[in-house]
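One structure is given here, and the rest of the page talks about it.
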Amino acid sequence: MLTRRGFAGVGLAAWAGRMLPEAAYAQRAAIQGNLPDDMVWLNANENPDGPPRSSIEAMTKVLAEGGRYHYQEFRAFYETLAHSEDLTPEQILIGAGSSEVLHAAMDAFTSTTCPLITVAPTYEGPVELARRGLGREVLQVPLEPPYAPDVKQLVAQAEKAGGGVIYLCNPNNPTSSITPKKDLAWMIDNLPPKTMVLIDEAYAHFADSPDFESGLAYVRQGKNVIVTRTFSKIYGMAGLRAGFACASPELIARMAPFRNNVISIVTVRAVLAALAESKTLIPERRAKFVRVRRELCEWMRERGVPYIEPQGNFVMIDVGRDAREFISAMPPKGVAVGRPFPPMNNFLRVTIGTDSDMAKFRTVFWGVYKA
Ligand SMILES: Cc1ncc(COP(=O)(O)O)c(C=O)c1O
C-alpha cells in the first residue's frame, strides 16, 4: 500500500522542512521538564565520543585566526575530502552537515513533475522539505518486516510518475535496517527514465553486515546516483556541521547554486585532522559501536524483547505496547530515547552510547518494561 500522508508527529513537521539541521534539536527540545542532572542522552543518534583529539587540537589552534576568511585553503580542503573517497573535487559538494546537501538535492531535482519517492518511516528531513517547504508530491512505500525497502515498488512508483527522485536512507533512520546490496544493484540497473537515486549514508560507517554496500561505487561508475555522507555521526562532530554529497560533476553543478557559502574554517581544520587519521579512527570507532550494539541486542534476546536487527548506531525496540507513554516515562528516570515514529507505534529508538550509558539504559528500560 502506498501512502501520501506525513508522519512527522510531535510538532516537528511545521518547521522541519525549513530547518533541516535542527531535526536533532527537535529531538532534544521535545524532552522537557524537571530532568536529572546526570541525564543520559540517547535520543538523537549522536556520538558520545565527540571529535577525535587531533580535531580538537586543530580547532583550538585556528580559533585565534578566525578574523580571516581563509578562502585560499578551500581548494586543497575539497581535494583532500574528495580523494578520501576516491573522487575528484568536481564530484563532491560540501555543506553545513549532510542536511544542507540533502536540502540542495531536493531544491535541484524535485519539481512539480518530479516527486520524491521513498519509504515510510524514514529520515524526515528531505521528506518534510520536499512536501512542506517546496510543495512537492511525496510518495511513500511502507516498510514492512524485515524492514528492507521494497525496491520494485519504488521503481514502479517512479515509472508511474514519469520520473522522480528515489530517496533511500541506508542504513535507514529510524529502523536501523539496510537495503541489501543485491536490491540496491537491481534498483540502479532498472531505473526508469528521468529518475535518480539519492542515498543518505549518514550511518554507513556503523554497518557491518556483508549485505551492506555503499552507493559510492555507483557514483564512481557515473550512474544517476547521489550519495550523502556526514561528519556528525561516527566522526562525532554533529555540532560542527560538516557533510557532503558525492555525484557526477553534472549533478553536483546542478546542486551547487542551492547551497550556502563555505563552512567555517574551524570545522574545515577539524575535518582535515580527522581525515588524516580516518584509516585507524573509523575501524576503531566502528568496532566499539558494533560491540556495544551487539551486547545490547544479546541482552534483549535473553529477555525475549524483540528488536529490528540494527546496522546504524541505534536500535528500534518493540516494547509490545504503545511506545509513547514508555518513551515519556524514561527521561524523569535519567534516560532520553528517540521520539515516537508513527506508524511504528510500538517501537522505541535508542541510540548506542557508552558502556555506562547503556548500563543505565538497561536498568531504566527494564524498570519501565516490567511495570
Ligand atoms: C539519516 C540522516 N541523514 C541526515 C541527517 C542530518 O545530519 P547532519 O546534518 O548533521 O549531517 C541525520 C541526522 O540525524 C540523519 O539521521
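By order in the C-alpha cells, chains are A, B, ...; within a chain, residues start at 1; ligands start at 1, following the order shown.
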
Spatial neighbours of Ile234 in chain A, max dist 8 Å, only C-alpha atoms, sep filter under 4 positions, as a VMD selection string | chain A and resid 47 203 205 to 206 282 285 to 286

Those residues with N, CA and C atoms, as a PDB file, in the first residue's frame please?
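Produced file part20.pdb, reproduced below:
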ATOM      1  N   ASN A  47      27.133  10.904  18.778  1.00  0.00           N
ATOM      2  CA  ASN A  47      28.247  10.037  19.165  1.00  0.00           C
ATOM      3  C   ASN A  47      28.871  10.591  20.446  1.00  0.00           C
ATOM      4  N   TYR A 203      24.726   6.860   8.312  1.00  0.00           N
ATOM      5  CA  TYR A 203      25.080   5.808   9.276  1.00  0.00           C
ATOM      6  C   TYR A 203      25.884   4.663   8.652  1.00  0.00           C
ATOM      7  N   HIS A 205      28.972   4.100   8.236  1.00  0.00           N
ATOM      8  CA  HIS A 205      30.183   3.628   8.923  1.00  0.00           C
ATOM      9  C   HIS A 205      29.890   2.612  10.014  1.00  0.00           C
ATOM     10  N   PHE A 206      28.642   2.552  10.467  1.00  0.00           N
ATOM     11  CA  PHE A 206      28.314   1.628  11.563  1.00  0.00           C
ATOM     12  C   PHE A 206      27.866   0.258  11.058  1.00  0.00           C
ATOM     13  N   ILE A 282      38.195   5.244  12.027  1.00  0.00           N
ATOM     14  CA  ILE A 282      36.883   4.672  11.655  1.00  0.00           C
ATOM     15  C   ILE A 282      36.775   3.205  12.082  1.00  0.00           C
ATOM     16  N   ARG A 285      36.459   3.057  15.913  1.00  0.00           N
ATOM     17  CA  ARG A 285      35.159   3.503  16.430  1.00  0.00           C
ATOM     18  C   ARG A 285      34.059   2.525  16.035  1.00  0.00           C
ATOM     19  N   ARG A 286      34.118   2.042  14.778  1.00  0.00           N
ATOM     20  CA  ARG A 286      33.088   1.075  14.352  1.00  0.00           C
ATOM     21  C   ARG A 286      33.119  -0.161  15.257  1.00  0.00           C
TER      22      ARG A 286
END

Could you produce a table of the residues of chain A lying within 10 Å of ligand 1, with the nearest pair of atoms per residue and their separation in Å rounded to one decimal, using only C-alpha atoms and all ligand atoms, ordered by chain and increasing residue number, as a Markdown table?
| residue | atom | partner | partner_atom_place_in_ligand_line | distance |
| --- | --- | --- | --- | --- |
| A:Leu20 | CA | ligand 1 | 9 (O) | 7.2 |
| A:Pro21 | CA | ligand 1 | 9 (O) | 5.0 |
| A:Glu22 | CA | ligand 1 | 9 (O) | 8.2 |
| A:Ala23 | CA | ligand 1 | 13 (C) | 6.8 |
| A:Ala24 | CA | ligand 1 | 14 (O) | 5.8 |
| A:Tyr25 | CA | ligand 1 | 14 (O) | 9.6 |
| A:Gln27 | CA | ligand 1 | 14 (O) | 9.5 |
| A:Asn43 | CA | ligand 1 | 14 (O) | 9.9 |
| A:Ala44 | CA | ligand 1 | 14 (O) | 6.4 |
| A:Asn45 | CA | ligand 1 | 14 (O) | 6.2 |
| A:Glu46 | CA | ligand 1 | 14 (O) | 7.7 |
| A:Gly95 | CA | ligand 1 | 9 (O) | 8.4 |
| A:Ala96 | CA | ligand 1 | 9 (O) | 6.7 |
| A:Gly97 | CA | ligand 1 | 9 (O) | 3.6 |
| A:Ser98 | CA | ligand 1 | 11 (O) | 3.6 |
| A:Ser99 | CA | ligand 1 | 9 (O) | 3.7 |
| A:Glu100 | CA | ligand 1 | 9 (O) | 6.6 |
| A:Val101 | CA | ligand 1 | 9 (O) | 8.5 |
| A:Leu102 | CA | ligand 1 | 4 (C) | 7.6 |
| A:His103 | CA | ligand 1 | 9 (O) | 9.7 |
| A:Thr122 | CA | ligand 1 | 1 (C) | 7.7 |
| A:Tyr123 | CA | ligand 1 | 1 (C) | 5.1 |
| A:Glu124 | CA | ligand 1 | 1 (C) | 8.3 |
| A:Gly125 | CA | ligand 1 | 4 (C) | 7.2 |
| A:Pro126 | CA | ligand 1 | 3 (N) | 8.6 |
| A:Leu168 | CA | ligand 1 | 1 (C) | 9.1 |
| A:Cys169 | CA | ligand 1 | 1 (C) | 5.7 |
| A:Asn170 | CA | ligand 1 | 1 (C) | 7.7 |
| A:Pro171 | CA | ligand 1 | 1 (C) | 7.7 |
| A:Asn172 | CA | ligand 1 | 1 (C) | 6.4 |
| A:Asn173 | CA | ligand 1 | 1 (C) | 5.2 |
| A:Pro174 | CA | ligand 1 | 16 (O) | 7.7 |
| A:Ser176 | CA | ligand 1 | 1 (C) | 9.6 |
| A:Ile199 | CA | ligand 1 | 1 (C) | 9.5 |
| A:Asp200 | CA | ligand 1 | 3 (N) | 5.8 |
| A:Glu201 | CA | ligand 1 | 1 (C) | 6.9 |
| A:Ala202 | CA | ligand 1 | 3 (N) | 5.0 |
| A:Tyr203 | CA | ligand 1 | 1 (C) | 6.8 |
| A:Ala204 | CA | ligand 1 | 1 (C) | 9.6 |
| A:Thr228 | CA | ligand 1 | 3 (N) | 8.0 |
| A:Arg229 | CA | ligand 1 | 11 (O) | 7.0 |
| A:Thr230 | CA | ligand 1 | 11 (O) | 4.4 |
| A:Phe231 | CA | ligand 1 | 11 (O) | 6.4 |
| A:Ser232 | CA | ligand 1 | 10 (O) | 4.8 |
| A:Lys233 | CA | ligand 1 | 10 (O) | 7.4 |
| A:Gly236 | CA | ligand 1 | 10 (O) | 9.8 |
| A:Met237 | CA | ligand 1 | 10 (O) | 8.0 |
| A:Ala238 | CA | ligand 1 | 10 (O) | 5.1 |
| A:Gly239 | CA | ligand 1 | 10 (O) | 7.6 |
| A:Leu240 | CA | ligand 1 | 10 (O) | 8.5 |
| A:Arg241 | CA | ligand 1 | 10 (O) | 6.0 |
| A:Ala242 | CA | ligand 1 | 11 (O) | 6.4 |
| A:Gly243 | CA | ligand 1 | 11 (O) | 5.3 |
| A:Phe244 | CA | ligand 1 | 11 (O) | 8.2 |
| A:Gly312 | CA | ligand 1 | 1 (C) | 9.5 |

Those same residues, written as an mmCIF file, in the first residue's frame with C-alpha atoms?
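Final file, result02.cif:
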data_model
loop_
_atom_site.group_PDB
_atom_site.id
_atom_site.type_symbol
_atom_site.label_atom_id
_atom_site.label_comp_id
_atom_site.auth_asym_id
_atom_site.auth_seq_id
_atom_site.Cartn_x
_atom_site.Cartn_y
_atom_site.Cartn_z
ATOM 1 C CA LEU A 20 16.616 20.605 8.436
ATOM 2 C CA PRO A 21 19.756 20.831 10.576
ATOM 3 C CA GLU A 22 17.580 21.335 13.609
ATOM 4 C CA ALA A 23 15.850 17.969 13.421
ATOM 5 C CA ALA A 24 18.199 16.736 16.135
ATOM 6 C CA TYR A 25 17.449 19.850 18.185
ATOM 7 C CA GLN A 27 14.575 15.537 19.390
ATOM 8 C CA ASN A 43 17.682 10.296 21.622
ATOM 9 C CA ALA A 44 19.387 11.944 18.635
ATOM 10 C CA ASN A 45 21.860 9.360 17.297
ATOM 11 C CA GLU A 46 24.814 11.463 18.438
ATOM 12 C CA GLY A 95 27.582 21.561 3.293
ATOM 13 C CA ALA A 96 26.797 22.516 6.873
ATOM 14 C CA GLY A 97 26.040 18.912 7.763
ATOM 15 C CA SER A 98 24.587 16.500 5.250
ATOM 16 C CA SER A 99 21.293 18.332 5.899
ATOM 17 C CA GLU A 100 22.432 21.168 3.667
ATOM 18 C CA VAL A 101 23.332 18.978 0.704
ATOM 19 C CA LEU A 102 20.152 16.908 1.112
ATOM 20 C CA HIS A 103 18.340 20.228 1.019
ATOM 21 C CA THR A 122 12.484 7.143 7.016
ATOM 22 C CA TYR A 123 14.558 10.217 7.898
ATOM 23 C CA GLU A 124 12.064 13.050 7.734
ATOM 24 C CA GLY A 125 14.428 15.873 6.702
ATOM 25 C CA PRO A 126 14.163 15.517 2.903
ATOM 26 C CA LEU A 168 16.929 5.790 0.349
ATOM 27 C CA CYS A 169 18.439 6.178 3.786
ATOM 28 C CA ASN A 170 20.898 3.308 4.150
ATOM 29 C CA PRO A 171 21.064 2.222 6.967
ATOM 30 C CA ASN A 172 17.594 3.663 7.465
ATOM 31 C CA ASN A 173 16.663 6.035 10.251
ATOM 32 C CA PRO A 174 14.650 5.134 12.377
ATOM 33 C CA SER A 176 18.405 0.841 11.532
ATOM 34 C CA ILE A 199 21.312 7.520 -0.933
ATOM 35 C CA ASP A 200 21.722 9.015 2.541
ATOM 36 C CA GLU A 201 24.654 7.209 4.154
ATOM 37 C CA ALA A 202 24.762 9.153 7.434
ATOM 38 C CA TYR A 203 25.080 5.808 9.276
ATOM 39 C CA ALA A 204 27.074 3.787 6.722
ATOM 40 C CA THR A 228 25.414 11.889 1.060
ATOM 41 C CA ARG A 229 27.793 11.450 3.983
ATOM 42 C CA THR A 230 28.215 13.316 7.268
ATOM 43 C CA PHE A 231 30.830 14.063 9.904
ATOM 44 C CA SER A 232 28.062 14.199 12.540
ATOM 45 C CA LYS A 233 27.898 10.512 13.366
ATOM 46 C CA GLY A 236 31.388 12.767 16.465
ATOM 47 C CA MET A 237 31.117 16.283 15.021
ATOM 48 C CA ALA A 238 27.349 16.899 14.975
ATOM 49 C CA GLY A 239 27.726 20.386 16.425
ATOM 50 C CA LEU A 240 30.481 21.338 13.963
ATOM 51 C CA ARG A 241 28.211 20.905 10.923
ATOM 52 C CA ALA A 242 30.003 19.208 8.049
ATOM 53 C CA GLY A 243 28.671 16.807 5.456
ATOM 54 C CA PHE A 244 28.981 16.266 1.722
ATOM 55 C CA GLY A 312 23.207 2.042 12.487
#

With 7 Å as the cut-off and only C-alpha atoms counted, what is the closest atom pair between each nearby residue of range 34-68 of chain A and range 353-362 of chain A? Distances in Å to one decimal, ordered by chain and number, as a Markdown table.
| residue | atom | partner | partner_atom | distance |
| --- | --- | --- | --- | --- |
| A:Val40 | CA | A:Asp357 | CA | 6.2 |
| A:Leu42 | CA | A:Gly353 | CA | 6.6 |
| A:Asn47 | CA | A:Gly353 | CA | 6.9 |
| A:Pro48 | CA | A:Gly353 | CA | 6.0 |

Got a sec to tell me which of range 91-249 of chain A DSSP assigns to helix (DSSP H, G or I), as a ChimeraX atom specification?
-> /A:91,97-109,124-133,151-161,181-189,204-206,216-220,238-240,249

List every residue of range 6-142 of chain A that DSSP, applied to the backbone, labels as strand (DSSP E), and write the result as a compact mmCIF listing (two decimals) with N, CA and C atoms, in the first residue's frame.
# COMPACT_ATOMS: atom_id res chain seq x y z
N VAL A 40 21.21 10.88 30.62
CA VAL A 40 21.91 10.19 29.52
C VAL A 40 21.09 10.43 28.25
N TRP A 41 21.72 11.05 27.25
CA TRP A 41 21.00 11.44 26.03
C TRP A 41 21.20 10.38 24.95
N LEU A 42 20.19 9.57 24.76
CA LEU A 42 20.26 8.51 23.74
C LEU A 42 19.11 8.71 22.75
N ILE A 92 32.17 16.33 -5.59
CA ILE A 92 31.63 16.48 -4.23
C ILE A 92 31.09 17.89 -4.00
N LEU A 93 30.17 17.98 -3.06
CA LEU A 93 29.60 19.25 -2.63
C LEU A 93 29.55 19.22 -1.11
N ILE A 94 30.17 20.21 -0.48
CA ILE A 94 30.25 20.22 0.98
C ILE A 94 29.18 21.14 1.55
N GLY A 95 28.62 20.73 2.68
CA GLY A 95 27.58 21.56 3.29
C GLY A 95 27.70 21.60 4.80
N LEU A 116 9.23 13.20 -4.95
CA LEU A 116 10.16 12.45 -4.10
C LEU A 116 9.50 11.11 -3.80
N ILE A 117 10.27 10.04 -3.98
CA ILE A 117 9.72 8.69 -3.77
C ILE A 117 10.60 8.02 -2.72
N THR A 118 9.97 7.53 -1.65
CA THR A 118 10.78 6.94 -0.58
C THR A 118 9.96 5.94 0.22
N VAL A 119 10.56 5.44 1.31
CA VAL A 119 9.85 4.50 2.16
C VAL A 119 9.29 5.26 3.37
N ALA A 120 8.49 4.59 4.18
CA ALA A 120 7.97 5.17 5.42
C ALA A 120 7.95 4.08 6.49
N VAL A 138 5.08 13.75 -2.46
CA VAL A 138 5.96 12.74 -1.84
C VAL A 138 5.20 11.42 -1.82
N LEU A 139 5.77 10.42 -2.44
CA LEU A 139 5.15 9.09 -2.49
C LEU A 139 5.93 8.18 -1.56
N GLN A 140 5.23 7.57 -0.59
CA GLN A 140 5.95 6.73 0.38
C GLN A 140 5.43 5.30 0.37
N VAL A 141 6.36 4.38 0.24
CA VAL A 141 6.05 2.95 0.26
C VAL A 141 6.33 2.46 1.69
N PRO A 142 5.33 1.90 2.39
CA PRO A 142 5.58 1.47 3.78
C PRO A 142 6.68 0.41 3.87

All residues 12 Å or closer to Phe326 in chain A, only C-alpha atoms, same chain fewer than 6 positions away omitted, as a VMD selection string | chain A and resid 317 to 320 332 to 333 335 to 340 345 to 349 364 to 371

For Leu134 in chain A, the nearest of the candidates A:Ala273, A:Ala148, A:Ala161, A:Ala105, counting only C-alpha atoms =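 With only C-alpha atoms as the atom set, the closest residue is A:Ala105.
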
Which value, in Å to one decimal, gives the distance between CA of Arg131 in chain A and CA of Met196 in chain A?
-> 18.0 Å

Quick one: everything within 9 Å of Asp183 in chain A, counting only C-alpha atoms, minus sequence neighbours fewer than 4 positions away in the same chain. Send it as an mmCIF file with N, CA and C atoms, in the first residue's frame.
data_model
loop_
_atom_site.group_PDB
_atom_site.id
_atom_site.type_symbol
_atom_site.label_atom_id
_atom_site.label_comp_id
_atom_site.auth_asym_id
_atom_site.auth_seq_id
_atom_site.Cartn_x
_atom_site.Cartn_y
_atom_site.Cartn_z
ATOM 1 N N PRO A 149 13.665 -1.966 2.191
ATOM 2 C CA PRO A 149 12.774 -1.291 1.242
ATOM 3 C C PRO A 149 12.362 -2.206 0.100
ATOM 4 N N ASP A 150 11.112 -2.049 -0.342
ATOM 5 C CA ASP A 150 10.625 -2.799 -1.497
ATOM 6 C C ASP A 150 11.069 -2.023 -2.748
ATOM 7 N N VAL A 151 12.235 -2.369 -3.267
ATOM 8 C CA VAL A 151 12.819 -1.566 -4.361
ATOM 9 C C VAL A 151 11.990 -1.679 -5.646
ATOM 10 N N LYS A 152 11.313 -2.809 -5.812
ATOM 11 C CA LYS A 152 10.472 -2.967 -7.018
ATOM 12 C C LYS A 152 9.324 -1.954 -6.982
ATOM 13 N N THR A 179 19.229 -1.571 3.041
ATOM 14 C CA THR A 179 18.803 -2.040 1.721
ATOM 15 C C THR A 179 19.863 -3.045 1.278
ATOM 16 N N MET A 187 17.927 -2.071 -8.310
ATOM 17 C CA MET A 187 17.233 -0.789 -8.487
ATOM 18 C C MET A 187 18.024 0.127 -9.425
ATOM 19 N N ILE A 188 19.321 0.180 -9.228
ATOM 20 C CA ILE A 188 20.123 1.095 -10.048
ATOM 21 C C ILE A 188 20.181 0.608 -11.497
#

What is the CA of Ile265 in chain A to CA of Pro52 in chain A distance in Å?
-> 16.9 Å

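Coordinates place CA of Ile352 in chain A at a distance of 19.7 Å from CA of Tyr147 in chain A.
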
Counting only C-alpha atoms, figure out which residue out of A:Pro249, A:Pro210, A:Gly50, A:Pro343 gets nearest to Leu87 in chain A.
->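 Using only C-alpha atoms, Leu87 in chain A sits closest to A:Pro249.
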
So, counting only C-alpha atoms, which residue among A:Leu251, A:Ile263, A:Val290, A:Leu154 is closest to Ala207 in chain A?
-> A:Val290

Give me the residues within 8 Å of Gly164 in chain A as a VMD selection string, counting only C-alpha atoms and dropping any in the same chain fewer than 6 places off.
-> chain A and resid 110 113 to 117 158 194 to 196

Nearest to Thr351 in chain A by atom-to-atom distance, counting only C-alpha atoms, from A:Thr175, A:Leu184, A:Lys279, A:Ala287 =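 Closest to Thr351 in chain A of all the choices is A:Thr175.
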